[in-house]
>>> print(open('structure.cif').read())   # mmCIF, C-alpha atoms and all ligand atoms
data_start
#
loop_
_atom_site.label_atom_id
_atom_site.label_comp_id
_atom_site.auth_asym_id
_atom_site.auth_seq_id
_atom_site.Cartn_x
_atom_site.Cartn_y
_atom_site.Cartn_z
CA MET A 1 -21.05 -9.33 10.86
CA LEU A 2 -19.99 -5.79 9.96
CA LYS A 3 -22.38 -5.61 7.05
CA LYS A 4 -25.27 -6.66 9.29
CA ALA A 5 -24.31 -4.03 11.86
CA ILE A 6 -24.27 -1.32 9.22
CA LEU A 7 -27.50 -2.24 7.52
CA SER A 8 -29.53 -2.27 10.72
CA GLY A 9 -29.25 1.53 11.12
CA HIS A 10 -31.80 3.61 13.03
CA LYS A 11 -34.36 5.30 10.76
CA SER A 12 -35.10 8.03 13.30
CA MET A 13 -31.54 9.36 13.54
CA ASN A 14 -30.30 12.45 11.78
CA ARG A 15 -27.48 11.79 9.30
CA LEU A 16 -24.66 13.05 11.53
CA ASP A 17 -25.75 10.72 14.34
CA LEU A 18 -26.21 7.94 11.84
CA ALA A 19 -22.62 8.28 10.54
CA ASN A 20 -21.27 8.17 14.10
CA ASP A 21 -23.60 5.30 14.95
CA ILE A 22 -22.38 3.28 11.96
CA ALA A 23 -18.77 3.97 12.97
CA GLN A 24 -19.55 2.86 16.55
CA ARG A 25 -21.18 -0.32 15.27
CA ILE A 26 -18.17 -1.16 13.12
CA LEU A 27 -15.77 -0.76 16.04
CA SER A 28 -18.09 -2.68 18.38
CA ALA A 29 -18.17 -5.58 15.94
CA LEU A 30 -14.37 -5.43 15.80
CA SER A 31 -14.22 -5.37 19.63
CA LYS A 32 -15.88 -8.77 19.64
CA PHE A 33 -13.27 -10.10 17.21
CA TYR A 34 -10.37 -8.79 19.30
CA GLU A 35 -12.17 -9.61 22.59
CA SER A 36 -11.35 -6.12 23.83
CA ASP A 37 -13.68 -3.23 24.66
CA LYS A 38 -10.82 -0.85 25.33
CA ARG A 39 -10.15 1.87 22.79
CA ILE A 40 -7.19 4.14 22.17
CA LYS A 41 -7.09 7.67 20.75
CA ILE A 42 -5.39 7.87 17.36
CA ARG A 43 -3.42 10.71 15.75
CA THR A 44 -4.07 9.82 12.11
CA ALA A 45 -6.06 7.40 9.97
CA HIS A 46 -5.32 5.99 6.55
CA ILE A 47 -8.19 4.43 4.60
CA SER A 48 -8.09 1.78 1.87
CA GLY A 49 -11.16 0.88 -0.21
CA VAL A 50 -10.82 3.80 -2.61
CA SER A 51 -10.54 2.08 -5.98
CA TYR A 52 -13.88 1.59 -7.71
CA GLU A 53 -12.39 -1.65 -9.02
CA ASN A 54 -12.34 -2.93 -5.41
CA ILE A 55 -15.48 -1.50 -3.83
CA GLY A 56 -17.87 -1.36 -6.80
CA ASP A 57 -21.34 0.17 -6.71
CA SER A 58 -22.26 -1.06 -3.22
CA GLY A 59 -19.17 0.65 -1.77
CA LEU A 60 -19.92 3.81 -3.69
CA ILE A 61 -23.53 3.95 -2.44
CA PHE A 62 -22.39 3.36 1.15
CA LEU A 63 -19.81 6.17 0.89
CA ARG A 64 -22.29 8.52 -0.78
CA ASP A 65 -24.68 8.01 2.15
CA ILE A 66 -22.23 8.20 5.00
CA SER A 67 -20.45 11.24 3.53
CA GLU A 68 -23.63 13.33 3.55
CA LYS A 69 -22.91 14.24 7.16
CA GLY A 70 -20.06 12.00 8.34
CA LYS A 71 -16.84 13.88 9.14
CA PHE A 72 -13.35 12.64 9.94
CA SER A 73 -12.14 13.85 13.32
CA VAL A 74 -8.41 13.22 12.74
CA HIS A 75 -5.91 13.78 9.92
CA THR A 76 -7.02 11.19 7.35
CA THR A 77 -5.24 10.12 4.20
CA ILE A 78 -6.65 7.78 1.57
CA ASN A 79 -5.36 5.03 -0.69
CA PRO A 80 -4.88 5.28 -4.47
CA MET A 81 -7.82 5.24 -6.86
CA GLY A 82 -8.34 2.72 -9.66
CA ALA A 83 -7.57 5.32 -12.33
CA ASP A 84 -5.70 8.59 -12.78
CA VAL A 85 -8.71 10.88 -12.72
CA TYR A 86 -6.50 13.98 -13.04
CA ASN A 87 -5.46 13.07 -16.55
CA ASN A 88 -6.91 10.01 -18.21
CA THR A 89 -3.72 9.36 -20.22
CA PHE A 90 -4.63 5.75 -20.88
CA ASN A 91 -8.20 6.46 -21.98
CA LEU A 92 -9.85 4.29 -19.36
CA ASN A 93 -13.59 3.83 -19.56
CA GLU A 94 -15.37 7.14 -18.88
CA GLN A 95 -18.02 5.44 -16.78
CA PHE A 96 -15.29 4.03 -14.51
CA ILE A 97 -13.70 7.49 -14.22
CA LYS A 98 -17.05 9.02 -13.34
CA LYS A 99 -17.71 6.50 -10.55
CA GLN A 100 -14.12 6.81 -9.32
CA LYS A 101 -14.52 10.58 -9.10
CA GLU A 102 -17.69 10.14 -7.06
CA ILE A 103 -15.87 7.92 -4.58
CA ALA A 104 -13.05 10.45 -4.31
CA LYS A 105 -15.57 13.24 -3.76
CA ALA A 106 -17.27 11.33 -0.93
CA TYR A 107 -13.99 10.82 0.94
CA LEU A 108 -12.92 14.45 0.42
CA ARG A 109 -16.33 15.63 1.63
CA MET A 110 -15.72 13.78 4.89
CA GLY A 111 -12.45 15.66 5.30
CA ALA A 112 -9.85 13.31 3.81
CA ILE A 113 -6.61 14.88 2.60
CA GLU A 114 -6.28 14.70 -1.19
CA SER A 115 -3.53 12.12 -0.88
CA PHE A 116 -4.59 9.09 -2.97
CA THR A 117 -1.47 7.16 -2.12
CA CYS A 118 -0.40 3.92 -0.46
CA THR A 119 2.63 5.72 1.05
CA PRO A 120 0.97 8.31 3.32
CA TYR A 121 4.28 8.68 5.17
CA ASP A 122 5.98 10.35 2.18
CA TYR A 123 4.27 13.74 1.93
CA PHE A 124 1.64 13.86 4.62
CA LEU A 125 1.58 14.29 8.40
CA VAL A 126 3.48 11.50 10.11
CA PRO A 127 3.10 11.51 13.88
CA GLU A 128 6.23 11.08 15.98
CA LYS A 129 7.26 7.57 16.85
CA GLY A 130 5.27 5.95 19.64
CA ASN A 131 1.97 7.45 18.46
CA HIS A 132 -1.09 5.32 17.80
CA VAL A 133 -2.75 5.51 14.38
CA ALA A 134 -5.38 3.50 12.49
CA TRP A 135 -4.03 2.62 9.08
CA ALA A 136 -5.42 0.28 6.48
CA GLU A 137 -3.28 -0.64 3.40
CA SER A 138 -1.01 -3.46 4.53
CA SER A 139 2.22 -2.08 3.02
CA ALA A 140 1.79 1.22 4.89
CA VAL A 141 0.88 -0.60 8.12
CA VAL A 142 4.05 -2.71 8.05
CA TYR A 143 6.14 0.33 7.05
CA GLY A 144 4.60 2.50 9.77
CA ASN A 145 5.01 -0.08 12.54
CA SER A 146 8.49 -1.19 11.49
CA PHE A 147 10.28 1.92 10.23
CA LEU A 148 8.36 4.80 11.81
CA GLU A 149 7.62 3.06 15.13
CA LEU A 150 3.94 3.92 14.93
CA TYR A 151 1.37 1.65 16.56
CA THR A 152 -1.31 0.38 14.23
CA ASN A 153 -3.20 -2.79 13.50
CA LYS A 154 -3.83 -3.85 9.91
CA GLU A 155 -7.16 -2.07 9.66
CA SER A 156 -9.72 -2.87 7.01
CA ALA A 157 -11.28 -0.18 4.80
CA LEU A 158 -14.34 -0.10 7.08
CA SER A 159 -12.55 -0.10 10.42
CA ALA A 160 -10.12 2.63 9.28
CA LEU A 161 -13.12 4.69 8.12
CA ALA A 162 -14.83 4.19 11.50
CA SER A 163 -11.63 5.12 13.34
CA ALA A 164 -11.19 8.23 11.19
CA ILE A 165 -14.71 9.37 12.18
CA LEU A 166 -14.39 8.55 15.88
CA GLY A 167 -10.68 9.32 16.34
CA GLU A 168 -10.07 6.03 18.12
CA ALA A 169 -9.20 2.40 17.45
CA ILE A 170 -9.57 -0.85 19.36
CA TYR A 171 -6.72 -1.20 21.85
CA SER A 172 -5.48 -4.60 20.79
CA ASP A 173 -2.73 -6.54 19.03
CA MET A 174 -0.16 -4.07 17.57
CA HIS A 175 -1.24 -1.26 19.92
CA ILE A 176 0.09 -3.27 22.87
CA GLU A 177 3.84 -3.13 23.44
CA GLU A 178 4.33 -6.75 24.46
CA ASN A 179 2.70 -8.02 21.24
CA ARG A 180 5.33 -6.19 19.20
CA ARG A 181 8.39 -7.91 20.67
CA CYS A 182 10.42 -9.96 18.23
CA SER A 183 10.64 -13.53 19.45
CA LEU A 184 12.65 -14.93 16.56
CA SER A 185 15.29 -13.78 14.16
CA TYR A 186 16.24 -14.48 10.55
CA LYS A 187 19.48 -13.74 8.76
CA TYR A 188 20.31 -13.42 5.09
CA GLU A 189 23.96 -13.11 4.21
CA GLU A 190 23.90 -12.84 0.41
CA LYS A 191 23.82 -9.69 -1.73
CA ILE A 192 20.60 -7.67 -1.39
CA ASN A 193 18.59 -5.32 -3.59
CA GLU A 194 14.93 -4.23 -3.63
CA LEU A 195 13.79 -7.42 -5.39
CA ILE A 196 15.72 -9.78 -3.11
CA LEU A 197 14.39 -7.95 -0.05
CA GLY A 198 10.85 -8.33 -1.36
CA LEU A 199 11.41 -12.06 -1.89
CA LEU A 200 12.99 -12.34 1.56
CA ALA A 201 9.99 -10.71 3.26
CA TYR A 202 7.65 -12.87 1.18
CA HIS A 203 9.49 -16.02 2.23
CA VAL A 204 9.67 -15.15 5.93
CA GLY A 205 6.09 -13.83 5.92
CA LYS A 206 4.81 -17.26 4.90
CA LYS A 207 6.45 -18.87 7.93
CA ALA A 208 6.49 -16.33 10.76
CA GLU A 209 3.44 -15.97 13.00
CA LYS A 210 4.91 -13.29 15.26
CA PRO A 211 7.07 -10.17 14.91
CA PHE A 212 10.64 -11.00 13.94
CA ASN A 213 14.05 -9.49 13.44
CA ILE A 214 16.03 -9.76 10.18
CA LYS A 215 19.80 -9.49 10.24
CA LEU A 216 21.05 -7.81 7.09
CA GLY A 217 24.51 -6.63 6.14
CA ARG A 218 23.75 -2.95 5.49
CA GLU A 219 21.34 -0.02 5.81
CA LEU A 220 18.42 0.02 3.36
CA SER A 221 17.32 2.67 0.85
CA SER A 222 13.76 4.06 0.98
CA LEU A 223 12.81 1.93 -2.04
CA GLU A 224 14.17 -1.20 -0.37
CA LYS A 225 12.24 -0.48 2.82
CA LYS A 226 9.04 -0.06 0.84
CA SER A 227 9.65 -3.28 -1.06
CA LEU A 228 10.21 -5.23 2.16
CA ALA A 229 7.15 -3.79 3.89
CA ALA A 230 4.87 -4.29 0.89
CA ALA A 231 5.91 -7.90 0.30
CA LEU A 232 5.43 -8.77 3.97
CA GLY A 233 2.08 -6.98 4.03
CA SER A 234 0.85 -8.98 1.06
CA ILE A 235 1.43 -12.35 2.70
CA GLY A 236 0.71 -13.57 6.23
CA ASN A 237 -0.35 -11.62 9.27
CA VAL A 238 2.82 -10.18 10.75
CA ALA A 239 2.55 -6.39 10.89
CA VAL A 240 5.89 -5.42 12.44
CA PHE A 241 9.51 -6.49 12.12
CA LYS A 242 12.90 -5.10 13.01
CA ILE A 243 16.19 -4.96 11.13
CA ASN A 244 19.47 -5.70 12.87
CA ASP A 245 17.89 -5.43 16.29
CA GLU A 246 20.35 -6.55 18.93
CA GLY A 247 17.63 -6.52 21.64
CA ASN A 248 17.12 -10.14 22.57
CA VAL A 249 20.34 -12.06 22.08
CA ASP A 250 18.78 -15.36 23.20
CA ARG A 251 16.30 -15.72 20.38
CA LYS A 252 16.87 -18.45 17.81
CA VAL A 253 18.31 -17.29 14.47
CA TYR A 254 17.14 -19.01 11.26
CA GLU A 255 19.23 -18.59 8.16
CA VAL A 256 17.45 -17.87 4.87
CA LEU A 257 19.40 -19.20 1.91
CA LYS A 258 19.62 -18.03 -1.68
CA LYS A 259 17.83 -21.19 -2.83
CA ASP A 260 14.85 -20.36 -0.55
CA LEU A 261 14.41 -17.08 -2.40
CA GLU A 262 14.89 -18.73 -5.77
CA LYS A 263 11.89 -20.90 -4.95
CA GLU A 264 9.77 -17.82 -4.19
CA TYR A 265 11.01 -16.22 -7.40
CA MET A 266 9.98 -19.26 -9.47
CA GLU A 267 6.49 -18.97 -8.00
CA LEU A 268 6.11 -15.27 -8.80
CA ASN A 269 8.03 -14.93 -12.06
CA THR A 270 5.48 -16.35 -14.46
CA SER A 271 6.77 -14.89 -17.72
CA GLU A 272 10.13 -14.43 -19.43
CA ASP A 273 9.06 -11.09 -20.90
CA GLY A 274 6.36 -8.45 -20.68
CA GLU A 275 4.42 -6.00 -22.82
CA ILE A 276 4.71 -3.02 -20.48
CA ILE A 277 6.69 -2.01 -17.39
CA VAL A 278 4.87 -1.19 -14.16
CA LEU A 279 6.82 0.57 -11.38
CA GLY A 280 5.83 2.34 -8.18
CA CYS A 281 4.21 -0.42 -6.16
CA PRO A 282 4.21 0.94 -3.46
CA HIS A 283 4.07 4.51 -4.79
CA TRP A 284 7.38 6.22 -5.49
CA ASN A 285 8.13 9.68 -4.13
CA HIS A 286 9.91 12.28 -6.27
CA ASN A 287 13.36 11.42 -4.87
CA GLU A 288 12.86 7.81 -5.86
CA ILE A 289 11.70 8.93 -9.32
CA PHE A 290 14.76 11.22 -9.61
CA ASN A 291 17.11 8.36 -8.69
CA PHE A 292 15.45 6.15 -11.28
CA LEU A 293 15.74 8.84 -13.99
CA LYS A 294 19.41 9.37 -13.11
CA GLU A 295 19.97 5.63 -13.40
CA MET A 296 18.31 5.75 -16.85
CA ASN A 297 21.14 8.07 -17.87
CA GLY A 298 19.36 9.46 -20.95
CA ARG A 299 18.16 6.08 -22.25
CA SER A 300 14.62 5.50 -23.58
CA PHE A 301 12.37 2.52 -22.97
CA LYS A 302 11.53 0.16 -25.80
CA LYS A 303 8.03 -0.29 -24.37
CA ASP A 304 5.76 1.85 -22.22
CA CYS A 305 6.81 2.30 -18.59
CA ILE A 306 4.12 3.36 -16.12
CA ILE A 307 5.12 4.81 -12.75
CA ALA A 308 2.50 4.91 -9.99
CA CYS A 309 2.87 7.83 -7.60
CA CYS A 310 0.83 10.48 -5.82
CA LYS A 311 0.03 13.83 -7.41
CA LYS A 312 2.63 15.66 -5.32
CA ALA A 313 5.43 13.32 -6.45
CA TYR A 314 4.40 13.86 -10.07
CA GLU A 315 4.27 17.66 -9.70
CA ASN A 316 7.71 17.74 -8.07
CA THR A 317 9.07 15.56 -10.88
CA ILE A 318 7.83 17.68 -13.76
CA LYS A 319 9.23 20.81 -12.12
CA ILE A 320 12.65 19.33 -12.85
CA TYR A 321 12.10 16.98 -15.80
CA ASP A 322 10.41 18.00 -19.04
CA ARG A 323 7.16 16.11 -19.34
CA LYS A 324 7.33 15.91 -23.15
CA LEU A 325 10.83 14.46 -22.99
CA LEU A 326 9.63 11.81 -20.53
CA ASP A 327 6.77 10.98 -22.92
CA LYS A 328 9.34 10.51 -25.67
CA LYS A 329 11.22 8.11 -23.43
CA ARG A 330 7.92 6.25 -22.99
CA ILE A 331 7.77 7.08 -19.26
CA TYR A 332 4.23 7.82 -18.08
CA PHE A 333 2.66 8.47 -14.70
CA PHE A 334 -0.40 6.94 -13.09
CA LYS A 335 -1.12 9.69 -10.57
CA GLY A 336 -3.06 9.02 -7.39
CA ALA A 337 -3.81 5.56 -8.70
CA CYS A 338 -2.91 1.91 -8.23
CA PRO A 339 -2.00 0.03 -11.42
CA ILE A 340 -2.82 -3.32 -9.83
CA PHE A 341 -6.37 -2.79 -8.53
CA SER A 342 -7.40 -1.03 -11.71
CA PRO A 343 -8.91 -1.88 -15.10
CA LEU A 344 -5.72 -0.39 -16.63
CA LEU A 345 -4.08 -3.55 -18.02
CA LYS A 346 -7.34 -5.06 -19.18
CA GLU A 347 -8.22 -1.91 -21.09
CA LEU A 348 -4.73 -1.73 -22.58
CA GLY A 349 -5.11 -5.37 -23.63
CA VAL A 350 -1.96 -6.31 -21.70
CA SER A 351 -1.54 -9.79 -20.22
CA LYS A 352 2.18 -9.78 -19.30
CA VAL A 353 3.98 -7.09 -17.29
CA ILE A 354 7.50 -6.39 -16.15
CA THR A 355 7.89 -5.15 -12.57
CA ASN A 356 10.36 -5.12 -9.69
CA SER A 357 7.59 -5.37 -7.08
CA VAL A 358 6.95 -8.64 -5.28
CA LYS A 359 3.65 -7.27 -4.00
CA ALA A 360 2.53 -6.42 -7.54
CA ALA A 361 3.61 -9.88 -8.75
CA HIS A 362 1.64 -11.52 -5.93
CA TYR A 363 -1.61 -9.70 -6.79
CA TYR A 364 -1.21 -9.78 -10.55
CA LYS A 365 -1.06 -13.55 -10.29
CA TYR A 366 -4.56 -13.58 -8.78
CA ARG A 367 -5.75 -11.23 -11.50
CA GLY A 368 -4.59 -13.52 -14.30
CA ILE A 369 -1.68 -11.30 -15.38
CA ARG A 370 1.69 -12.93 -16.02
CA VAL A 371 4.73 -11.24 -14.54
CA ASN A 372 8.35 -10.89 -15.49
CA LEU A 373 9.87 -9.98 -12.13
CA LYS A 374 13.28 -8.34 -12.12
CA GLU A 375 15.43 -5.88 -10.24
CA LEU A 376 15.05 -2.22 -11.28
CA LYS A 377 18.65 -2.09 -12.56
CA ASP A 378 17.94 -5.11 -14.78
CA ILE A 379 14.72 -3.55 -16.06
CA ILE A 380 16.66 -0.46 -17.13
CA LYS A 381 19.45 -2.54 -18.66
CA THR A 382 17.27 -4.93 -20.64
CA GLU A 383 14.23 -2.79 -21.53
CA SER A 384 15.82 0.52 -22.53
CA GLU A 385 18.33 1.67 -25.14
FE1 LIG A 401 0.09 0.68 -3.68
FE2 LIG A 401 -1.47 -0.60 -5.34
FE3 LIG A 401 0.91 -1.53 -4.82
S1 LIG A 401 -2.09 0.38 -3.46
S2 LIG A 401 1.24 -0.95 -2.70
S3 LIG A 401 0.45 0.43 -5.86
S4 LIG A 401 -0.95 -2.74 -5.00
#
>>> encode(input="structure.cif", output="structure tokens")
Amino acid sequence: MLKKAILSGHKSMNRLDLANDIAQRILSALSKFYESDKRIKIRTAHISGVSYENIGDSGLIFLRDISEKGKFSVHTTINPMGADVYNNTFNLNEQFIKKQKEIAKAYLRMGAIESFTCTPYDYFLVPEKGNHVAWAESSAVVYGNSFLELYTNKESALSALASAILGEAIYSDMHIEENRRCSLSYKYEEKINELILGLLAYHVGKKAEKPFNIKLGRELSSLEKKSLAAALGSIGNVAVFKINDEGNVDRKVYEVLKKDLEKEYMELNTSEDGEIIVLGCPHWNHNEIFNFLKEMNGRSFKKDCIIACCKKAYENTIKIYDRKLLDKKRIYFFKGACPIFSPLLKELGVSKVITNSVKAAHYYKYRGIRVNLKELKDIIKTESE
């Protein structure tokens, strides 16, 4: 429906009007889906559909056209690319890099911030809680709704683009307070870490249809919050949850058991080893990288370890840590890029990876890559010396 709306543009319009018209058509089509004509002003937008691996030539042509005059009217961040175009460390196909650069250029021309990250809340403008935004990228949506108390639906690449141009989103679903109330609760009483939390969100996300609360024994680290949000975003439709919310004491509490998570683990852990290590799904910030390097305690990896992060996180890291020394330890960075929606592994000839990310494991499975899923501490212990 959206494609049809876009393609039937008016030939007589100038390009600025045409960009706005396309954006209006996208939101109108979405209005029909949500059965709501009401719109709400947004403070920021975050757009997915940046990797050339995902959008291909048709996406590139569309962006090239719309960016000739289209301009974003609010603070707009954008998702990672399919390759590190700043420094092609892994020698990815030059043609891919060229097309990826063109996509990046089109978004920047429209006024996007040079963010190229799936964690726009780490370095870029985050409105105060209670503000409405239009974010695509499911992990960021769940994180924003749940931990930052922002109000956003799970936008698609196109609807987030339209909202970024118009500065408004359809007033529906997660923008409406009553739709965000948790009507059920889960509890997990065993030991937790970033992997277990990912598996927990993955398990609950398969069952829950509505926002829920999870009772956990302690506060979570930033990495654990990201893991939870990303795993939930990758499965099911729930876009907001709460942790240890005492709000509604009457709601039914379901207990998740260790064996429930073992079942999820068996589904996602498809290999007993891996050829390389992929970390940073979702992107790590420099504090998370620092913590990881401290945990390494001078050890070196026995195989290459690739960390996905935004350019800013990388720059902050190499201000403190010597880049050459990190190279020696076989720690590399995939800046402004996503190692999952990328030709990276194919071009490296890798078919088995080690990661601590449930979201990465979920998508690698669909891309024919086998995964050895383990907690970060275990990765350091078993894969370095
Ligand atoms: Fe980010 Fe790519 Fe993972 S966009 S959340 S690194 S799948």
>>> closest_atom_pairs(input="structure.cif", of="chain A", to="ligand LIG 401 (chain A)", cutoff="6 Å", atoms="only C-alpha atoms and all ligand atoms", output="tab-separated table")
residue	atom	partner	partner_atom	distance
A:Pro80	CA	A:LIG401	S1	5.7
A:Cys118	CA	A:LIG401	FE1	4.6
A:Ser139	CA	A:LIG401	S2	5.9
A:Cys281	CA	A:LIG401	FE3	3.7
A:Pro282	CA	A:LIG401	S2	3.6
A:His283	CA	A:LIG401	S3	5.6
A:Cys338	CA	A:LIG401	FE2	4.1
A:Ile340	CA	A:LIG401	S4	5.2
A:Ala360	CA	A:LIG401	S4	5.7
>>> residues_around(input="structure.cif", residues="Gly280 (chain A)", least_positions_apart="4", cutoff="10 Å", atoms="all atoms listed in the file", output="VMD selection string")
chain A and resid 223 226 to 227 284 to 285 288 to 289 306 to 310 333 to 334 338 to 339 355 to 357 360
>>> atom_distance(input="structure.cif", atom1="CA of Lys210 (chain A)", atom2="CA of Glu137 (chain A)")
19.2 Å
>>> closest_residue(input="structure.cif", among="A:Lys365, A:Arg109, A:His175, A:Lys129", to="Lys71 (chain A)", atoms="only C-alpha atoms")
A:Arg109
>>> closest_residue(input="structure.cif", among="A:Ile42, A:Ile331, A:Ala201, A:Leu148", to="Gly236 (chain A)", atoms="all atoms listed in the file")
A:Ala201
>>> residues_around(input="structure.cif", residues="region 51-56 of chain A", least_positions_apart="3", cutoff="12 Å", atoms="all atoms listed in the file", output="ChimeraX atom specification")
/A:47-48,59-63,78-85,93,95-104,107,116-118,157-158,336-344,346,367
>>> closest_residue(input="structure.cif", among="A:Leu325, A:Leu30, A:Ile22, A:Ala160", to="Ser172 (chain A)", atoms="all atoms listed in the file")
A:Leu30
>>> atom_distance(input="structure.cif", atom1="CA of Glu68 (chain A)", atom2="CA of Arg25 (chain A)")
18.2 Å
>>> atom_distance(input="structure.cif", atom1="CA of Gly198 (chain A)", atom2="CA of Leu228 (chain A)")
4.7 Å
>>> residues_near_point(input="structure.cif", point="(-4.8, 15.1, 7.7)", cutoff="7 Å", atoms="only C-alpha atoms", output="VMD selection string")
chain A and resid 44 74 to 77 112 to 113 125
>>> closest_residue(input="structure.cif", among="A:Ser73, A:Asn88, A:Asn244, A:Ser67", to="Ser146 (chain A)", atoms="all atoms listed in the file")
A:Asn244
>>> residues_around(input="structure.cif", residues="Asn213 (chain A)", least_positions_apart="5", cutoff="6 Å", atoms="only C-alpha atoms", output="MDAnalysis selection string")
chainID A and resid 185 241:243
>>> closest_residue(input="structure.cif", among="A:Glu194, A:Arg323, A:Lys294, A:His132", to="Tyr171 (chain A)", atoms="only C-alpha atoms")
A:His132
>>> residues_around(input="structure.cif", residues="region 266-270 of chain A", least_positions_apart="2", cutoff="9 Å", atoms="all atoms listed in the file", output="list of chain:residue names")
A:Leu261, A:Glu262, A:Lys263, A:Glu264, A:Glu272, A:Lys352, A:Val358, A:Ala361, A:His362, A:Lys365, A:Ile369, A:Arg370, A:Val371, A:Asn372, A:Leu373, A:Lys374
